[in-house]
Amino acid sequence: MPLFVLVIILSLGWVFIDYLGKHREKLLSENLLTRITVAAKSVDQEKLKHLTATESDIGKPDYEELKKFLMTIKIKSRFLYLMTLRDGKVYFMIDSEPVDSPDYSPAGQTYTEIEPDFVKKLQQNKPFIYGPYTDRWGTWNTAVIPIELTLNGKFPIYFCGDADAAGWLQEIHHERFSGIIIVFLFSVLVIYFYFMTTKILDINRKLEEEVGLFVGGPSFVMKWTLLRDNFKILYVSPNMTLHLGYNTDIFLMQKIAFIEIVHPDDRTKLLQVLDTIGKHVGTQIDLEFRLLHSNGTYRWLEAFILSKNHQHPLSYHGYFTDITDKKDAESALKIITERLVSHFNQVPFAVIEWDTDFRVVAWNPAAEKIFGYTKEEALGHRAADLILPSHVIEQTSKIWSDLLFANGGNRSTNENQTKEGMIILCEWYNSPLIDENGSVIGVASVAEDVTEKKQFEQKLQYLAYYDELTGLPNRALFKDRLENDSRRADRNHTIVSIVFIDIDFFKTVNDTLGHGVGDMLLQAVASRLKASFRKSDTVSRFGGDEFAILIPDLKRAEEIEGILQHVYDHFVPPFEILEHTLHITMSLGYNFYPLDATNSEMLFRNADAAMYAAKESGRNKYRRYKLEMTDYIQSQLTVQNGLIDALKNDEFVLYYQPQMNIATGVITGSEALIRWNHPTKGILAPAEFIHIAEKTGMIVPIGEWVLRSAAQQLKRWNTQGIDHLTMAINLSSRQFKEENFFKKTMDIFQETGINLNTIELELTESILLEETAKVLKILTDFKTAGIQLSLDDFGTGYSSLSYLKLFPINKLKIDQSFVKNITAYGSDSTLVKAIIAMARALNLTTIAEGVETQEEFEFLRQEGCDEIQGYLLGKPMPADQFEIFLKDWILTHNAEQTIN
C-alpha cells in the first residue's frame, strides 16, 4: 500500500513539474519579447533615415549615437541589433557589441547562417520569437520587432534581441530537478504519517478495550506521559469532543499543548498532584480543575487520575467528568445563601424562626432592636416567655395552632412586649416550614413594629375630621353631621340652623400681637363657643377665624334668637391672652334647613352671605339669610370679574382734584382719583369697586396702573410748562405686602423720568398698623428718595402720636367727616383745632379735604391750616378739564378773590 501511494504521488508530481517547465519557458519568451518591444519603441527613427546598411555607415554621427544607445540599453546575456531584409538576404545595420568584441557585426555584413524559416517570419512583418537555434556564436532565442520605418523607402528594418537559450534550458532543468526532490520528500513524509497514525489508532483501540469506554459516554479518558511539565498525549477518547469541543487529533498531533487549556489558576495544583502520584506508582487521586472549551469558556471537570507503570517517563490515566452544571448550581446556591443571610441581617423587620414548640431557632438583628433581647438571650425560649403580654397569649395560641396544622400562612396585628416591658403594636406575617415529607417542622415569622405607624394613621384619621389647633370638628365632619341631622329633621318635622361666625378684626390681632397670640385667641374662642351651645350642637372651625355651628332639633325658627343672644352674652367678658386683654366681637350669619335650602352647599353659601351682611352692617351683629344677600354677593362677583376685564381693556381713567395753599391762594397740586369707565354703566366712583379690589387682591395691579398713569400725566404737564404741581397718589395696605414693592414703584417713576420731589404718596392709618418694621423700612426709603408722604383720613382710625413720631410723615390730611361740622363749634371743631396745633408742633403740613363752603374755609384759615381740597375749589375732573381749570385760575383768580 505505501509503495503504491509513492508511485502515484511521484507520477503526478512529474506531470506537474513538466507542465511547470514548459510554462516557465513560455513565460521567459514572452518576457523577452516584451522587453525588446519596449527597446524598439525607444529607437530614434530620424537617425535611421540617414543609414544605408553598408560599411559606409560606420563613423557617421547617427550610426555612432544609435550604437551607443543599443550598448546602453543592452540586457544582460543578450545581444541587441538592427537589421534589414534586402533581396532575400539579411544585413546587419547596427549591433550592441563593441568594435573589438569577437561578437561584433559591422554594418552591411550579411547574416549568412540564417535559416529560411527565419526569413519567412521576417517577411510576415510581425513581432515573433525564433528559436532555440545554434550558430557560430551559440544557442539562442531571438525576439524580432518590425520597425515602422523602411530603408530607402522599400527595405524593412527590424529590431532584434538575442537571449542565451542554453541558459534558459539549464535554469528550467534545475527547477524541474528541485521539484522532483520536493515531491519525493513529501511522499516520504506522507508514508511516515500514515505509519504513525496507524500506530496511534492501534494504541487507542487497545486503551478503549482496556478501560471499557464507549463513544458518547458521560466521561472521557486520556492517557499521557509527563516529562518536565511537558504533556505528551498518547490517547484521548473520542467523546472528549462532546465535552470540550476539540478534535482529539489536535492533542495527539501536539498542535495544542494540553497544559495551555488548563486554567492558569489550576496549573500549579494539577502539576503538584501529578508529581505526588508519580512518586508512588499505582496511586490514585480525585481532583477538580478547569479546562478551556473550544468556544472560549472554561468547564469544570472532576478527574480521577492514577499512575500506570514504572516506565520512564511515567504514563498516567485520567478519567474526566464534566461537573460544570454542578459547580454553577453550587455557585448560585452560595450566592443565594449569602444574599439571604445578608437580607436576614439587614432587613429592618424582625425575622424569627420557631420550632414546633415555638421556641426561637433564629433571631435577626432587627428582632434584637425591636424587642430588646439579644440573639443569645432569645434562642431556645418560647414566645410567651419573651414577647407576649399575658392578655394576648390565648389569641396567639389559636394562630399558632393553625400554623402547625399547615393551614397556610397568616397575617395578624398583635400587641407585643419588649424586654423593658413596653407594649408595642406589631404586624406579623407567619408561614409554616414544611419538610420534604410534608410535615411542619417550624414556623417562619416576619414582624414589623407599627406602633408609630398606627399612631400616625390615627392622627391622620383625626385630622381628616378635626381641626388640629382647636380640636373642633372640621368642615368634613360638620358636613357629615349636617346630613345626619337633616335626615332626622325630615323624620321628626324639625328644623336645623347653620350658623357661620367670623371674629371681627382678628387680622389686626394677628398683625399687631403676632400669630402666637392669634392662635391662643382662637383656642379660647373655641372653648367659649363650646360652652355657649348645647351638647347636641356641633361647634366646628372651618379655618382662619371662621367657625360654623350646627343647631338641630329646633321646633321654630324664632328659637335661634335666644340661642344667639346667649352666645353674645358669653362673649362680653374680655379674653386674657398672656399679658393682653382683648375685647372680641363677632359677626354671625345663619339660615335654616329646610326653610332656606335643602343641600349643604346652598346652606353654607347662604350662611356665609348672611355673615358678610352682618359685617357690612357694622359688625358685632347677627343676620338671617335673605334672598337679596345672594344678589349682593353675586353683584360683588360680577364687579370682581369686571375689574379683571377693565384692567385688560384699559377702562380705568384718572380724575384730578386741585389742592390749594391757603396763605398764597396758589394751586399747589392735585390728587389722582381713579374712576371706572364701565362699558354699560358709565363712570363709576371708587366706592363702587375699590373695596372689592382690596378683598380680591386686584388692588395691586390697579395700584401699579394708577402710579404709572399719574406719573405720566404729571410728566406731560411738566413738558407743557406746568412744573409747580405735586401729584398725590393713594396707596393700599395690600400693596405693601408685595415683594419688591419699593423697587417696582421706583422703577415706574424712573421710567417716566418724573422729579421725585413732586410725588406725594397718601397712606391710610391701617397701613401703619400692619408689619410695622417692614412698612417703616419702605417709607424711610421713599422719604430718602425725596418722595413726600401724607397720612390720609387722619383721626378716623387708630391714630396714635407714636405713629407720627415713628414714621417719616410730611403731611396730615384731616378727614372730611370732621370738616363738614366745624362751623357748629362742637367737638369736631375742637378736634380739628387740636390736629392743626399738633401738626404744627410736629412740623407737619396739614391739608383739609372735603371743604365745600366759605365758612369752612375761613375757619381753617384762621386756625392755621396749610392747604385745602374740596368742591369749594373744584370737583375731581379729567386731565384736559384740569388743565383748563388751572389756566383759568392762574389768569383770573387769587385766593382772596375766590373767598370774596
# chains A, B, ... in the order shown; residues from 1 in each chain; ligands from 1
call {"tool": "residues_around", "arguments": {"residues": "range 727-742 of chain A", "least_positions_apart": "3", "cutoff": "6 Å", "atoms": "only C-alpha atoms", "output": "PyMOL selection string"}}
result
chain A and resi 669-672+700+745+759-763+767
call {"tool": "write_last_selection", "arguments": {"atoms": "N, CA, C and O atoms", "output": "compact mmCIF listing (two decimals), in the first residue's frame"}}
result
# COMPACT_ATOMS: atom_id res chain seq x y z
N GLY A 669 -51.08 121.54 43.90
CA GLY A 669 -51.04 120.15 43.47
C GLY A 669 -52.41 119.61 43.17
O GLY A 669 -53.41 120.34 43.16
N SER A 670 -52.44 118.31 42.92
CA SER A 670 -53.70 117.63 42.66
C SER A 670 -53.61 116.21 43.21
O SER A 670 -52.54 115.64 43.32
N GLU A 671 -54.79 115.67 43.56
CA GLU A 671 -54.86 114.28 43.98
C GLU A 671 -55.42 113.45 42.84
O GLU A 671 -56.45 113.78 42.25
N ALA A 672 -54.71 112.36 42.47
CA ALA A 672 -55.15 111.48 41.40
C ALA A 672 -56.18 110.51 41.96
O ALA A 672 -55.90 109.76 42.90
N VAL A 700 -53.60 95.46 43.69
CA VAL A 700 -52.16 95.53 43.40
C VAL A 700 -51.90 95.93 41.95
O VAL A 700 -51.21 96.92 41.69
N THR A 745 -42.13 100.39 42.48
CA THR A 745 -42.64 101.77 42.43
C THR A 745 -41.57 102.73 41.91
O THR A 745 -41.85 103.59 41.05
N ILE A 759 -43.76 114.11 43.84
CA ILE A 759 -44.64 112.97 44.11
C ILE A 759 -44.98 112.94 45.60
O ILE A 759 -44.10 113.08 46.46
N GLU A 760 -46.27 112.77 45.88
CA GLU A 760 -46.73 112.63 47.26
C GLU A 760 -47.56 111.35 47.34
O GLU A 760 -48.55 111.19 46.62
N LEU A 761 -47.15 110.43 48.20
CA LEU A 761 -47.86 109.17 48.38
C LEU A 761 -48.74 109.26 49.62
O LEU A 761 -48.27 109.58 50.72
N GLU A 762 -50.06 109.01 49.44
CA GLU A 762 -51.03 109.10 50.53
C GLU A 762 -51.24 107.72 51.15
O GLU A 762 -51.51 106.73 50.45
N LEU A 763 -51.10 107.65 52.49
CA LEU A 763 -51.22 106.39 53.22
C LEU A 763 -52.45 106.43 54.11
O LEU A 763 -52.81 107.50 54.63
N ILE A 767 -52.33 101.07 57.09
CA ILE A 767 -51.02 100.66 56.59
C ILE A 767 -49.99 100.65 57.70
O ILE A 767 -49.14 99.75 57.79
call {"tool": "residues_around", "arguments": {"residues": "Val832 in chain A", "least_positions_apart": "3", "cutoff": "10 Å", "atoms": "only C-alpha atoms", "output": "list in words"}}
result
Gly795, Ile814, Asp815, Phe818, Val819, Asn821, Ile822, Ser827, Asp828, Ser829, Ile835, Ile836, Ala837, Met838, Ala848, Phe859, Leu860, Glu863 and Cys865 of chain A
call {"tool": "residues_around", "arguments": {"residues": "range 53-62 of chain A", "least_positions_apart": "2", "cutoff": "8 Å", "atoms": "only C-alpha atoms", "output": "number ranges by chain"}}
result
A: 47-48, 50-51, 64-66, 83-84, 91-93, 106-109
call {"tool": "select_by_dssp", "arguments": {"residues": "range 619-812 of chain A", "states": "strand (DSSP E or B)", "output": "PyMOL selection string"}}
result
chain A and resi 622-624+652-661+667-678+682-684+726-730+759-763+788-794+811-812
call {"tool": "residues_around", "arguments": {"residues": "range 149-158 of chain A", "least_positions_apart": "5", "cutoff": "12 Å", "atoms": "only C-alpha atoms", "output": "ChimeraX atom specification"}}
result
/A:36-37,39-41,43-54,80-95,119,121-128,142-144
call {"tool": "write_last_selection", "arguments": {"atoms": "C-alpha atoms", "output": "compact mmCIF listing (two decimals), in the first residue's frame"}}
result
# COMPACT_ATOMS: atom_id res chain seq x y z
CA ILE A 36 12.57 44.06 -26.94
CA THR A 37 9.27 45.76 -27.86
CA ALA A 39 13.52 48.92 -26.55
CA ALA A 40 12.39 49.11 -30.19
CA LYS A 41 9.99 51.93 -29.41
CA VAL A 43 14.94 53.95 -31.15
CA ASP A 44 15.25 57.40 -32.71
CA GLN A 45 13.90 56.72 -36.24
CA GLU A 46 15.07 60.13 -37.54
CA LYS A 47 18.65 58.91 -37.24
CA LEU A 48 17.80 55.67 -39.08
CA LYS A 49 16.73 57.64 -42.15
CA HIS A 50 20.36 58.56 -42.89
CA LEU A 51 21.74 54.99 -42.79
CA THR A 52 22.27 52.63 -45.81
CA ALA A 53 23.09 49.31 -44.09
CA THR A 54 26.57 49.33 -45.70
CA LEU A 80 20.66 43.87 -29.45
CA TYR A 81 20.92 44.80 -33.14
CA LEU A 82 19.13 46.42 -36.06
CA MET A 83 18.99 44.58 -39.41
CA THR A 84 17.24 44.87 -42.79
CA LEU A 85 15.94 42.40 -45.37
CA ARG A 86 17.10 43.13 -48.90
CA ASP A 87 16.86 40.82 -51.89
CA GLY A 88 16.01 37.89 -49.60
CA LYS A 89 19.18 38.40 -47.54
CA VAL A 90 19.60 39.73 -44.01
CA TYR A 91 22.08 42.62 -43.50
CA PHE A 92 23.31 43.99 -40.19
CA MET A 93 22.81 47.73 -39.70
CA ILE A 94 23.96 48.30 -36.08
CA ASP A 95 24.60 45.97 -33.12
CA VAL A 119 13.39 34.85 -43.38
CA LYS A 121 8.85 35.04 -40.45
CA LEU A 122 10.60 38.36 -41.17
CA GLN A 123 8.60 38.76 -44.38
CA GLN A 124 5.36 38.46 -42.34
CA ASN A 125 6.37 41.77 -40.76
CA LYS A 126 5.04 40.83 -37.26
CA PRO A 127 6.72 40.51 -33.85
CA PHE A 128 7.88 36.94 -33.11
CA THR A 142 15.68 35.74 -30.81
CA ALA A 143 12.91 38.31 -30.39
CA VAL A 144 12.17 40.31 -33.56
call {"tool": "residues_around", "arguments": {"residues": "range 628-638 of chain A", "least_positions_apart": "3", "cutoff": "12 Å", "atoms": "only C-alpha atoms", "output": "VMD selection string"}}
result
chain A and resid 589 to 591 596 602 to 614 616 623 to 625 641 to 646 688 to 693 695 to 696
call {"tool": "closest_residue", "arguments": {"among": "A:Leu477, A:Ile181, A:Ile370, A:Ala464", "to": "Lys419 in chain A", "atoms": "only C-alpha atoms"}}
result
A:Ile370
call {"tool": "atom_distance", "arguments": {"atom1": "CA of Gly786 in chain A", "atom2": "CA of Pro878 in chain A"}}
result
27.2 Å
call {"tool": "atom_distance", "arguments": {"atom1": "CA of Ala303 in chain A", "atom2": "CA of Phe320 in chain A"}}
result
4.5 Å
call {"tool": "decode", "arguments": {"residues": "range 754-877 of chain A", "atoms": "C-alpha atoms", "output": "compact mmCIF listing (two decimals), in the first residue's frame"}}
result
# COMPACT_ATOMS: atom_id res chain seq x y z
CA ILE A 754 -40.53 112.40 36.85
CA ASN A 755 -38.98 114.58 39.53
CA LEU A 756 -39.44 112.57 42.74
CA ASN A 757 -39.86 115.74 44.83
CA THR A 758 -43.19 116.37 43.05
CA ILE A 759 -44.64 112.97 44.11
CA GLU A 760 -46.73 112.63 47.26
CA LEU A 761 -47.86 109.17 48.38
CA GLU A 762 -51.03 109.10 50.53
CA LEU A 763 -51.22 106.39 53.22
CA THR A 764 -54.13 105.17 55.31
CA GLU A 765 -53.68 104.59 59.03
CA SER A 766 -54.28 100.85 58.52
CA ILE A 767 -51.02 100.66 56.59
CA LEU A 768 -49.09 101.77 59.65
CA LEU A 769 -50.71 99.11 61.82
CA GLU A 770 -49.56 96.12 59.74
CA GLU A 771 -46.00 94.75 59.71
CA THR A 772 -44.65 97.90 61.28
CA ALA A 773 -40.94 97.16 60.74
CA LYS A 774 -41.39 96.31 57.06
CA VAL A 775 -43.61 99.36 56.41
CA LEU A 776 -41.19 101.66 58.25
CA LYS A 777 -38.31 100.44 56.06
CA ILE A 778 -40.28 101.07 52.84
CA LEU A 779 -41.48 104.54 53.93
CA THR A 780 -37.98 105.51 55.03
CA ASP A 781 -36.65 104.50 51.60
CA PHE A 782 -39.34 106.61 49.89
CA LYS A 783 -38.52 109.59 52.11
CA THR A 784 -34.78 109.21 51.39
CA ALA A 785 -35.53 109.20 47.65
CA GLY A 786 -37.23 112.64 48.05
CA ILE A 787 -40.85 111.47 47.87
CA GLN A 788 -43.34 113.16 50.23
CA LEU A 789 -45.62 111.09 52.47
CA SER A 790 -49.05 112.14 53.74
CA LEU A 791 -51.37 110.39 56.24
CA ASP A 792 -54.91 110.28 54.79
CA ASP A 793 -58.19 110.42 56.80
CA PHE A 794 -56.31 111.33 59.96
CA GLY A 795 -58.41 110.92 63.10
CA THR A 796 -60.83 108.29 61.80
CA GLY A 797 -58.88 105.17 62.72
CA TYR A 798 -56.36 104.12 65.36
CA SER A 799 -54.40 107.37 65.26
CA SER A 800 -51.51 107.47 67.67
CA LEU A 801 -48.88 110.11 68.37
CA SER A 802 -46.32 107.31 68.47
CA TYR A 803 -47.02 106.58 64.80
CA LEU A 804 -46.47 110.23 63.87
CA LYS A 805 -43.18 110.14 65.73
CA LEU A 806 -42.09 106.76 64.35
CA PHE A 807 -42.97 107.12 60.66
CA PRO A 808 -41.43 109.75 58.31
CA ILE A 809 -44.73 111.57 57.58
CA ASN A 810 -44.69 115.03 55.90
CA LYS A 811 -48.40 115.90 55.91
CA LEU A 812 -51.61 115.16 57.80
CA LYS A 813 -54.87 115.07 55.86
CA ILE A 814 -57.90 115.99 58.00
CA ASP A 815 -60.84 113.77 57.10
CA GLN A 816 -63.89 115.45 55.55
CA SER A 817 -66.16 113.93 58.23
CA PHE A 818 -64.65 116.42 60.71
CA VAL A 819 -64.55 119.35 58.27
CA LYS A 820 -68.28 119.38 57.46
CA ASN A 821 -69.23 120.08 61.09
CA ILE A 822 -66.51 122.52 62.15
CA THR A 823 -68.72 125.61 61.81
CA ALA A 824 -71.03 124.27 64.53
CA TYR A 825 -68.19 124.73 67.00
CA GLY A 826 -68.79 121.39 68.61
CA SER A 827 -66.43 118.51 69.26
CA ASP A 828 -65.45 118.31 65.60
CA SER A 829 -64.15 121.88 65.57
CA THR A 830 -62.23 121.25 68.76
CA LEU A 831 -60.72 118.10 67.29
CA VAL A 832 -59.72 119.89 64.08
CA LYS A 833 -58.06 122.67 66.10
CA ALA A 834 -56.15 120.05 68.09
CA ILE A 835 -54.98 118.25 64.93
CA ILE A 836 -53.72 121.51 63.36
CA ALA A 837 -51.95 122.52 66.58
CA MET A 838 -50.37 119.07 66.98
CA ALA A 839 -49.19 119.03 63.35
CA ARG A 840 -47.65 122.48 63.75
CA ALA A 841 -45.83 121.28 66.86
CA LEU A 842 -44.50 118.26 64.96
CA ASN A 843 -43.56 120.45 61.98
CA LEU A 844 -46.08 118.67 59.73
CA THR A 845 -48.15 120.24 56.97
CA THR A 846 -51.95 120.00 57.29
CA ILE A 847 -54.48 119.75 54.49
CA ALA A 848 -58.25 119.59 54.97
CA GLU A 849 -60.29 117.61 52.47
CA GLY A 850 -63.97 117.97 51.64
CA VAL A 851 -64.03 121.78 52.02
CA GLU A 852 -67.25 122.92 50.37
CA THR A 853 -68.24 126.27 51.97
CA GLN A 854 -66.70 129.67 52.54
CA GLU A 855 -67.34 129.31 56.29
CA GLU A 856 -65.34 126.08 56.45
CA PHE A 857 -62.52 127.75 54.54
CA GLU A 858 -62.48 130.78 56.90
CA PHE A 859 -62.36 128.53 59.96
CA LEU A 860 -59.44 126.56 58.59
CA ARG A 861 -57.56 129.70 57.55
CA GLN A 862 -57.98 131.28 61.00
CA GLU A 863 -56.79 128.09 62.74
CA GLY A 864 -53.64 127.95 60.61
CA CYS A 865 -54.42 125.02 58.30
CA ASP A 866 -51.93 125.00 55.43
CA GLU A 867 -53.90 123.61 52.47
CA ILE A 868 -57.43 122.73 51.40
CA GLN A 869 -59.06 120.37 48.92
CA GLY A 870 -62.76 120.11 48.07
CA TYR A 871 -65.68 121.23 45.97
CA LEU A 872 -65.05 124.83 47.01
CA LEU A 873 -62.07 124.73 44.65
CA GLY A 874 -63.32 122.16 42.19
CA LYS A 875 -64.61 118.64 41.77
CA PRO A 876 -62.38 115.83 40.53
CA MET A 877 -62.04 116.26 36.76
